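final28.pdb follows (PDB, C-alpha atoms):
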```pdb
ATOM      1  CA  MET A   1       0.000   0.000   0.000  1.00  0.00           C
ATOM      2  CA  ARG A   2       2.951   2.283   0.647  1.00  0.00           C
ATOM      3  CA  ASN A   3       3.713   2.790  -3.056  1.00  0.00           C
ATOM      4  CA  LEU A   4       0.202   2.632  -4.510  1.00  0.00           C
ATOM      5  CA  GLU A   5      -1.255   5.956  -5.652  1.00  0.00           C
ATOM      6  CA  VAL A   6      -4.896   6.864  -5.147  1.00  0.00           C
ATOM      7  CA  LYS A   7      -5.502   6.820  -8.924  1.00  0.00           C
ATOM      8  CA  GLY A   8      -4.699   3.098  -8.859  1.00  0.00           C
ATOM      9  CA  LEU A   9      -7.877   2.449  -6.894  1.00  0.00           C
ATOM     10  CA  LEU A  10     -10.299   4.888  -8.506  1.00  0.00           C
ATOM     11  CA  SER A  11     -13.329   3.096  -9.843  1.00  0.00           C
ATOM     12  CA  SER A  12     -14.801   3.820 -13.243  1.00  0.00           C
ATOM     13  CA  SER A  13     -18.011   5.086 -11.681  1.00  0.00           C
ATOM     14  CA  GLN A  14     -18.448   8.834 -11.542  1.00  0.00           C
ATOM     15  CA  PRO A  15     -18.699  10.643  -8.212  1.00  0.00           C
ATOM     16  CA  SER A  16     -22.020  12.234  -7.307  1.00  0.00           C
ATOM     17  CA  LEU A  17     -21.709  15.930  -8.147  1.00  0.00           C
ATOM     18  CA  VAL A  18     -24.086  18.856  -7.719  1.00  0.00           C
ATOM     19  CA  THR A  19     -23.611  22.583  -8.144  1.00  0.00           C
ATOM     20  CA  ALA A  20     -23.933  25.073  -5.312  1.00  0.00           C
ATOM     21  CA  ALA A  21     -27.167  26.368  -6.875  1.00  0.00           C
ATOM     22  CA  ASP A  22     -28.853  22.947  -7.065  1.00  0.00           C
ATOM     23  CA  THR A  23     -31.860  22.488  -4.825  1.00  0.00           C
ATOM     24  CA  LEU A  24     -31.743  20.172  -1.851  1.00  0.00           C
ATOM     25  CA  PHE A  25     -34.370  18.059  -3.585  1.00  0.00           C
ATOM     26  CA  GLU A  26     -31.858  17.607  -6.453  1.00  0.00           C
ATOM     27  CA  VAL A  27     -29.170  16.696  -3.918  1.00  0.00           C
ATOM     28  CA  ALA A  28     -31.465  14.017  -2.485  1.00  0.00           C
ATOM     29  CA  ALA A  29     -32.190  12.689  -5.978  1.00  0.00           C
ATOM     30  CA  LYS A  30     -28.455  12.447  -6.666  1.00  0.00           C
ATOM     31  CA  LEU A  31     -27.876  10.436  -3.485  1.00  0.00           C
ATOM     32  CA  ILE A  32     -30.821   8.155  -4.225  1.00  0.00           C
ATOM     33  CA  GLU A  33     -29.589   7.648  -7.796  1.00  0.00           C
ATOM     34  CA  ASP A  34     -26.397   5.948  -6.573  1.00  0.00           C
ATOM     35  CA  PRO A  35     -27.075   3.898  -3.442  1.00  0.00           C
ATOM     36  CA  THR A  36     -23.359   3.122  -3.022  1.00  0.00           C
ATOM     37  CA  THR A  37     -22.466   6.724  -2.235  1.00  0.00           C
ATOM     38  CA  ARG A  38     -22.921   8.417   1.088  1.00  0.00           C
ATOM     39  CA  GLU A  39     -21.811  11.885   0.007  1.00  0.00           C
ATOM     40  CA  VAL A  40     -22.492  14.391  -2.732  1.00  0.00           C
ATOM     41  CA  TYR A  41     -19.715  16.732  -3.783  1.00  0.00           C
ATOM     42  CA  VAL A  42     -20.614  20.357  -4.424  1.00  0.00           C
ATOM     43  CA  VAL A  43     -18.690  21.846  -7.333  1.00  0.00           C
ATOM     44  CA  ASP A  44     -18.569  25.094  -9.263  1.00  0.00           C
ATOM     45  CA  ASP A  45     -19.302  25.435 -12.995  1.00  0.00           C
ATOM     46  CA  VAL A  46     -15.955  23.855 -13.979  1.00  0.00           C
ATOM     47  CA  LYS A  47     -16.309  21.007 -11.448  1.00  0.00           C
ATOM     48  CA  ARG A  48     -13.867  22.470  -8.895  1.00  0.00           C
ATOM     49  CA  PHE A  49     -14.507  21.130  -5.419  1.00  0.00           C
ATOM     50  CA  ILE A  50     -16.381  23.522  -3.102  1.00  0.00           C
ATOM     51  CA  GLY A  51     -17.606  21.210  -0.372  1.00  0.00           C
ATOM     52  CA  VAL A  52     -19.442  18.060   0.552  1.00  0.00           C
ATOM     53  CA  ILE A  53     -22.921  17.153   1.714  1.00  0.00           C
ATOM     54  CA  PRO A  54     -22.856  13.881   3.634  1.00  0.00           C
ATOM     55  CA  LEU A  55     -26.031  11.797   3.555  1.00  0.00           C
ATOM     56  CA  ARG A  56     -26.377  12.211   7.317  1.00  0.00           C
ATOM     57  CA  ARG A  57     -26.377  16.030   6.985  1.00  0.00           C
ATOM     58  CA  LEU A  58     -29.066  15.974   4.287  1.00  0.00           C
ATOM     59  CA  VAL A  59     -31.210  13.626   6.387  1.00  0.00           C
ATOM     60  CA  ARG A  60     -30.794  15.993   9.351  1.00  0.00           C
ATOM     61  CA  PHE A  61     -31.993  18.833   7.120  1.00  0.00           C
ATOM     62  CA  VAL A  62     -35.027  16.882   5.895  1.00  0.00           C
ATOM     63  CA  PHE A  63     -36.042  15.747   9.375  1.00  0.00           C
ATOM     64  CA  ALA A  64     -34.792  18.689  11.502  1.00  0.00           C
ATOM     65  CA  SER A  65     -38.268  19.563  12.710  1.00  0.00           C
ATOM     66  CA  GLU A  66     -39.075  15.923  13.475  1.00  0.00           C
ATOM     67  CA  VAL A  67     -36.223  15.496  15.954  1.00  0.00           C
ATOM     68  CA  PRO A  68     -36.219  18.645  18.088  1.00  0.00           C
ATOM     69  CA  GLY A  69     -33.400  19.186  20.547  1.00  0.00           C
ATOM     70  CA  LYS A  70     -30.951  16.951  18.728  1.00  0.00           C
ATOM     71  CA  HIS A  71     -29.098  19.827  17.017  1.00  0.00           C
ATOM     72  CA  SER A  72     -26.930  22.662  18.276  1.00  0.00           C
ATOM     73  CA  ALA A  73     -28.368  26.145  17.785  1.00  0.00           C
ATOM     74  CA  THR A  74     -25.808  26.849  15.056  1.00  0.00           C
ATOM     75  CA  GLU A  75     -26.563  23.627  13.222  1.00  0.00           C
ATOM     76  CA  MET A  76     -30.318  24.183  13.513  1.00  0.00           C
ATOM     77  CA  LEU A  77     -29.957  27.677  12.048  1.00  0.00           C
ATOM     78  CA  GLU A  78     -27.891  26.278   9.163  1.00  0.00           C
ATOM     79  CA  LEU A  79     -30.399  23.516   8.556  1.00  0.00           C
ATOM     80  CA  VAL A  80     -33.557  25.619   8.590  1.00  0.00           C
ATOM     81  CA  SER A  81     -32.062  28.399   6.476  1.00  0.00           C
ATOM     82  CA  ALA A  82     -30.518  26.160   3.800  1.00  0.00           C
ATOM     83  CA  GLU A  83     -32.118  26.704   0.408  1.00  0.00           C
ATOM     84  CA  CYS A  84     -29.601  25.103  -1.936  1.00  0.00           C
ATOM     85  CA  ALA A  85     -26.633  22.758  -1.999  1.00  0.00           C
ATOM     86  CA  GLY A  86     -24.168  25.577  -1.423  1.00  0.00           C
ATOM     87  CA  HIS A  87     -25.896  26.504   1.841  1.00  0.00           C
ATOM     88  CA  LEU A  88     -25.815  22.956   3.237  1.00  0.00           C
ATOM     89  CA  ALA A  89     -22.328  21.982   2.042  1.00  0.00           C
ATOM     90  CA  LEU A  90     -19.504  21.541   4.514  1.00  0.00           C
ATOM     91  CA  LYS A  91     -16.907  23.796   2.944  1.00  0.00           C
ATOM     92  CA  LYS A  92     -13.817  22.943   4.981  1.00  0.00           C
ATOM     93  CA  SER A  93     -13.775  19.386   3.773  1.00  0.00           C
ATOM     94  CA  ALA A  94     -10.870  17.027   3.285  1.00  0.00           C
ATOM     95  CA  TYR A  95      -9.842  15.806  -0.139  1.00  0.00           C
ATOM     96  CA  VAL A  96      -6.913  13.994  -1.713  1.00  0.00           C
ATOM     97  CA  HIS A  97      -5.163  14.234  -5.058  1.00  0.00           C
ATOM     98  CA  SER A  98      -5.106  11.369  -7.544  1.00  0.00           C
ATOM     99  CA  ASP A  99      -1.298  11.150  -7.328  1.00  0.00           C
ATOM    100  CA  ASP A 100      -1.246  11.033  -3.501  1.00  0.00           C
ATOM    101  CA  LEU A 101      -0.185   7.758  -1.988  1.00  0.00           C
ATOM    102  CA  LEU A 102      -3.028   5.541  -0.815  1.00  0.00           C
ATOM    103  CA  ALA A 103      -1.472   5.423   2.662  1.00  0.00           C
ATOM    104  CA  HIS A 104      -1.830   9.219   2.853  1.00  0.00           C
ATOM    105  CA  ALA A 105      -5.467   9.018   1.717  1.00  0.00           C
ATOM    106  CA  VAL A 106      -6.244   6.421   4.389  1.00  0.00           C
ATOM    107  CA  GLU A 107      -4.506   8.567   7.007  1.00  0.00           C
ATOM    108  CA  VAL A 108      -6.632  11.590   6.032  1.00  0.00           C
ATOM    109  CA  MET A 109      -9.794   9.484   6.062  1.00  0.00           C
ATOM    110  CA  PHE A 110      -8.984   8.182   9.562  1.00  0.00           C
ATOM    111  CA  ARG A 111      -8.029  11.653  10.842  1.00  0.00           C
ATOM    112  CA  PHE A 112     -11.351  13.146   9.739  1.00  0.00           C
ATOM    113  CA  ASP A 113     -13.417   9.977  10.381  1.00  0.00           C
ATOM    114  CA  LEU A 114     -14.493   9.713   6.725  1.00  0.00           C
ATOM    115  CA  ASN A 115     -15.867   6.721   4.872  1.00  0.00           C
ATOM    116  CA  GLU A 116     -15.505   8.468   1.518  1.00  0.00           C
ATOM    117  CA  ILE A 117     -13.274  11.257   0.217  1.00  0.00           C
ATOM    118  CA  PRO A 118     -13.226  13.263  -3.011  1.00  0.00           C
ATOM    119  CA  VAL A 119     -10.240  12.909  -5.301  1.00  0.00           C
ATOM    120  CA  VAL A 120      -9.210  16.094  -7.089  1.00  0.00           C
ATOM    121  CA  ASP A 121      -6.619  17.136  -9.641  1.00  0.00           C
ATOM    122  CA  ALA A 122      -4.147  20.017  -9.283  1.00  0.00           C
ATOM    123  CA  ASP A 123      -6.914  22.540 -10.091  1.00  0.00           C
ATOM    124  CA  LEU A 124      -9.255  21.018  -7.455  1.00  0.00           C
ATOM    125  CA  VAL A 125     -11.485  19.547 -10.172  1.00  0.00           C
ATOM    126  CA  VAL A 126     -13.208  16.435  -8.819  1.00  0.00           C
ATOM    127  CA  VAL A 127     -11.941  13.434 -10.779  1.00  0.00           C
ATOM    128  CA  GLY A 128     -13.341  10.693  -8.586  1.00  0.00           C
ATOM    129  CA  CYS A 129     -13.902   9.535  -5.070  1.00  0.00           C
ATOM    130  CA  LEU A 130     -12.386   6.903  -2.867  1.00  0.00           C
ATOM    131  CA  ASN A 131     -14.279   5.009  -0.220  1.00  0.00           C
ATOM    132  CA  MET A 132     -13.291   2.632   2.532  1.00  0.00           C
ATOM    133  CA  LEU A 133     -15.228  -0.246   0.990  1.00  0.00           C
ATOM    134  CA  GLU A 134     -13.161   0.040  -2.216  1.00  0.00           C
ATOM    135  CA  ILE A 135      -9.964   0.069  -0.155  1.00  0.00           C
ATOM    136  CA  LEU A 136     -11.136  -2.968   1.810  1.00  0.00           C
ATOM    137  CA  ALA A 137     -12.078  -4.770  -1.420  1.00  0.00           C
ATOM    138  CA  ALA A 138      -8.618  -4.034  -2.872  1.00  0.00           C
ATOM    139  CA  TRP A 139      -6.989  -5.415   0.275  1.00  0.00           C
ATOM    140  CA  HIS A 140      -9.243  -8.491   0.157  1.00  0.00           C
ATOM    141  CA  ALA A 141      -8.306  -9.098  -3.485  1.00  0.00           C
ATOM    142  CA  GLY A 142      -4.582  -8.834  -2.666  1.00  0.00           C
ATOM    143  CA  LYS A 143      -4.115  -5.600  -4.630  1.00  0.00           C
ATOM    144  CA  LEU A 144      -2.460  -3.816  -1.712  1.00  0.00           C
ATOM    145  CA  ASP A 145       0.292  -6.364  -1.200  1.00  0.00           C
ATOM    146  CA  GLU A 146       3.815  -5.032  -1.546  1.00  0.00           C
ATOM    147  CA  PRO A 147       5.709  -6.484  -4.533  1.00  0.00           C
ATOM    148  CA  ALA A 148       8.473  -8.917  -3.650  1.00  0.00           C
ATOM    149  CA  ASP A 149      12.037  -7.546  -3.883  1.00  0.00           C
TER     150      ASP A 149
END
```
Go ahead and express the file in the form of structure tokens.
Amino acid sequence: MRNLEVKGLLSSSQPSLVTAADTLFEVAAKLIEDPTTREVYVVDDVKRFIGVIPLRRLVRFVFASEVPGKHSATEMLELVSAECAGHLALKKSAYVHSDDLLAHAVEVMFRFDLNEIPVVDADLVVVGCLNMLEILAAWHAGKLDEPAD
């Protein structure tokens, strides 16, 4: 795993992307469209990464009034005032580059307690995503073994 780059594990499936102006209903549709993803990446008009909307955050938005007292005042204000993807997105989100080492990506995912992370190029354009299940599947298939010297 030490020498494997992130791009070596990227799947051919496209990450779930929305623009900052997309409605939260469109965000929900995007998540429903691909049941393997747990996050939607918010991008600008040239697909540069702006932020992320985790499934859990969208569900909190949808059901905020149904579960009173379970949110901080700041979070509740964010949730009830959100009108589009850009409002609900977590903007200080972690990401990795396609040429980063997989070990670095896993370290970042552990540090921020992420199950999925966007993969960007040098211009922050989202080129894919990496999730823990893909990493586990690669390990299970023996793809992370170090080559013999």
Go through range 32-57 of chain A and flag each residue having an atom no more than 10 Å from range 107-131 of chain A; for those, report the closest pair of atoms plus their distance in Å to one decimal, using all atoms listed in the file, ordered by chain and rising number, as JSON lines.
```
{"residue": "A:Thr36", "atom": "CA", "partner": "A:Asn131", "partner_atom": "CA", "distance": 9.7}
{"residue": "A:Thr37", "atom": "CA", "partner": "A:Glu116", "partner_atom": "CA", "distance": 8.1}
{"residue": "A:Arg38", "atom": "CA", "partner": "A:Glu116", "partner_atom": "CA", "distance": 7.4}
{"residue": "A:Glu39", "atom": "CA", "partner": "A:Glu116", "partner_atom": "CA", "distance": 7.3}
{"residue": "A:Val40", "atom": "CA", "partner": "A:Pro118", "partner_atom": "CA", "distance": 9.3}
{"residue": "A:Tyr41", "atom": "CA", "partner": "A:Pro118", "partner_atom": "CA", "distance": 7.4}
{"residue": "A:Val42", "atom": "CA", "partner": "A:Val126", "partner_atom": "CA", "distance": 9.5}
{"residue": "A:Val43", "atom": "CA", "partner": "A:Val126", "partner_atom": "CA", "distance": 7.8}
{"residue": "A:Asp44", "atom": "CA", "partner": "A:Val125", "partner_atom": "CA", "distance": 9.0}
{"residue": "A:Val46", "atom": "CA", "partner": "A:Val125", "partner_atom": "CA", "distance": 7.3}
{"residue": "A:Lys47", "atom": "CA", "partner": "A:Val125", "partner_atom": "CA", "distance": 5.2}
{"residue": "A:Arg48", "atom": "CA", "partner": "A:Val125", "partner_atom": "CA", "distance": 4.0}
{"residue": "A:Phe49", "atom": "CA", "partner": "A:Leu124", "partner_atom": "CA", "distance": 5.6}
{"residue": "A:Ile50", "atom": "CA", "partner": "A:Leu124", "partner_atom": "CA", "distance": 8.7}
{"residue": "A:Gly51", "atom": "CA", "partner": "A:Pro118", "partner_atom": "CA", "distance": 9.5}
{"residue": "A:Val52", "atom": "CA", "partner": "A:Pro118", "partner_atom": "CA", "distance": 8.6}
{"residue": "A:Pro54", "atom": "CA", "partner": "A:Glu116", "partner_atom": "CA", "distance": 9.4}
```
### Message
Measuring between only C-alpha atoms, which one of A:Ala94, A:Ile32, A:Leu10, A:Ala20 shows the shortest distance to Ile135 in chain A?
### Response
A:Leu10
### Task
To one decimal in Å, tell me the separation between CA of Arg57 in chain A and CA of Asp45 in chain A.
23.2 Å
## Note on the structure
note - CA of Pro15 in chain A and CA of His140 in chain A are separated by 22.9 Å
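Considering the residues A:Asp145, A:Glu83, A:Asp100, A:Glu134 and counting all atoms listed in the file, Val27 in chain A has its shortest atom-to-atom contact with A:Glu83.
The spacing separating CA of Ile53 in chain A from CA of Ala85 in chain A amounts to 7.7 Å.
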What does the PyMOL selection byres ((chain A and resi 9) around 12) select in this file, as a PDB file with C-alpha atoms, in the frame of the given file?
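What ended up in selection_13.pdb:
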```
ATOM      1  CA  MET A   1       0.000   0.000   0.000  1.00  0.00           C
ATOM      2  CA  LEU A   4       0.202   2.632  -4.510  1.00  0.00           C
ATOM      3  CA  GLU A   5      -1.255   5.956  -5.652  1.00  0.00           C
ATOM      4  CA  VAL A   6      -4.896   6.864  -5.147  1.00  0.00           C
ATOM      5  CA  LYS A   7      -5.502   6.820  -8.924  1.00  0.00           C
ATOM      6  CA  GLY A   8      -4.699   3.098  -8.859  1.00  0.00           C
ATOM      7  CA  LEU A  10     -10.299   4.888  -8.506  1.00  0.00           C
ATOM      8  CA  SER A  11     -13.329   3.096  -9.843  1.00  0.00           C
ATOM      9  CA  SER A  12     -14.801   3.820 -13.243  1.00  0.00           C
ATOM     10  CA  SER A  13     -18.011   5.086 -11.681  1.00  0.00           C
ATOM     11  CA  SER A  98      -5.106  11.369  -7.544  1.00  0.00           C
ATOM     12  CA  ASP A  99      -1.298  11.150  -7.328  1.00  0.00           C
ATOM     13  CA  ASP A 100      -1.246  11.033  -3.501  1.00  0.00           C
ATOM     14  CA  LEU A 101      -0.185   7.758  -1.988  1.00  0.00           C
ATOM     15  CA  LEU A 102      -3.028   5.541  -0.815  1.00  0.00           C
ATOM     16  CA  ALA A 103      -1.472   5.423   2.662  1.00  0.00           C
ATOM     17  CA  ALA A 105      -5.467   9.018   1.717  1.00  0.00           C
ATOM     18  CA  VAL A 119     -10.240  12.909  -5.301  1.00  0.00           C
ATOM     19  CA  GLY A 128     -13.341  10.693  -8.586  1.00  0.00           C
ATOM     20  CA  CYS A 129     -13.902   9.535  -5.070  1.00  0.00           C
ATOM     21  CA  LEU A 130     -12.386   6.903  -2.867  1.00  0.00           C
ATOM     22  CA  ASN A 131     -14.279   5.009  -0.220  1.00  0.00           C
ATOM     23  CA  MET A 132     -13.291   2.632   2.532  1.00  0.00           C
ATOM     24  CA  LEU A 133     -15.228  -0.246   0.990  1.00  0.00           C
ATOM     25  CA  GLU A 134     -13.161   0.040  -2.216  1.00  0.00           C
ATOM     26  CA  ILE A 135      -9.964   0.069  -0.155  1.00  0.00           C
ATOM     27  CA  LEU A 136     -11.136  -2.968   1.810  1.00  0.00           C
ATOM     28  CA  ALA A 137     -12.078  -4.770  -1.420  1.00  0.00           C
ATOM     29  CA  ALA A 138      -8.618  -4.034  -2.872  1.00  0.00           C
ATOM     30  CA  TRP A 139      -6.989  -5.415   0.275  1.00  0.00           C
ATOM     31  CA  LYS A 143      -4.115  -5.600  -4.630  1.00  0.00           C
ATOM     32  CA  LEU A 144      -2.460  -3.816  -1.712  1.00  0.00           C
TER      33      LEU A 144
END
```
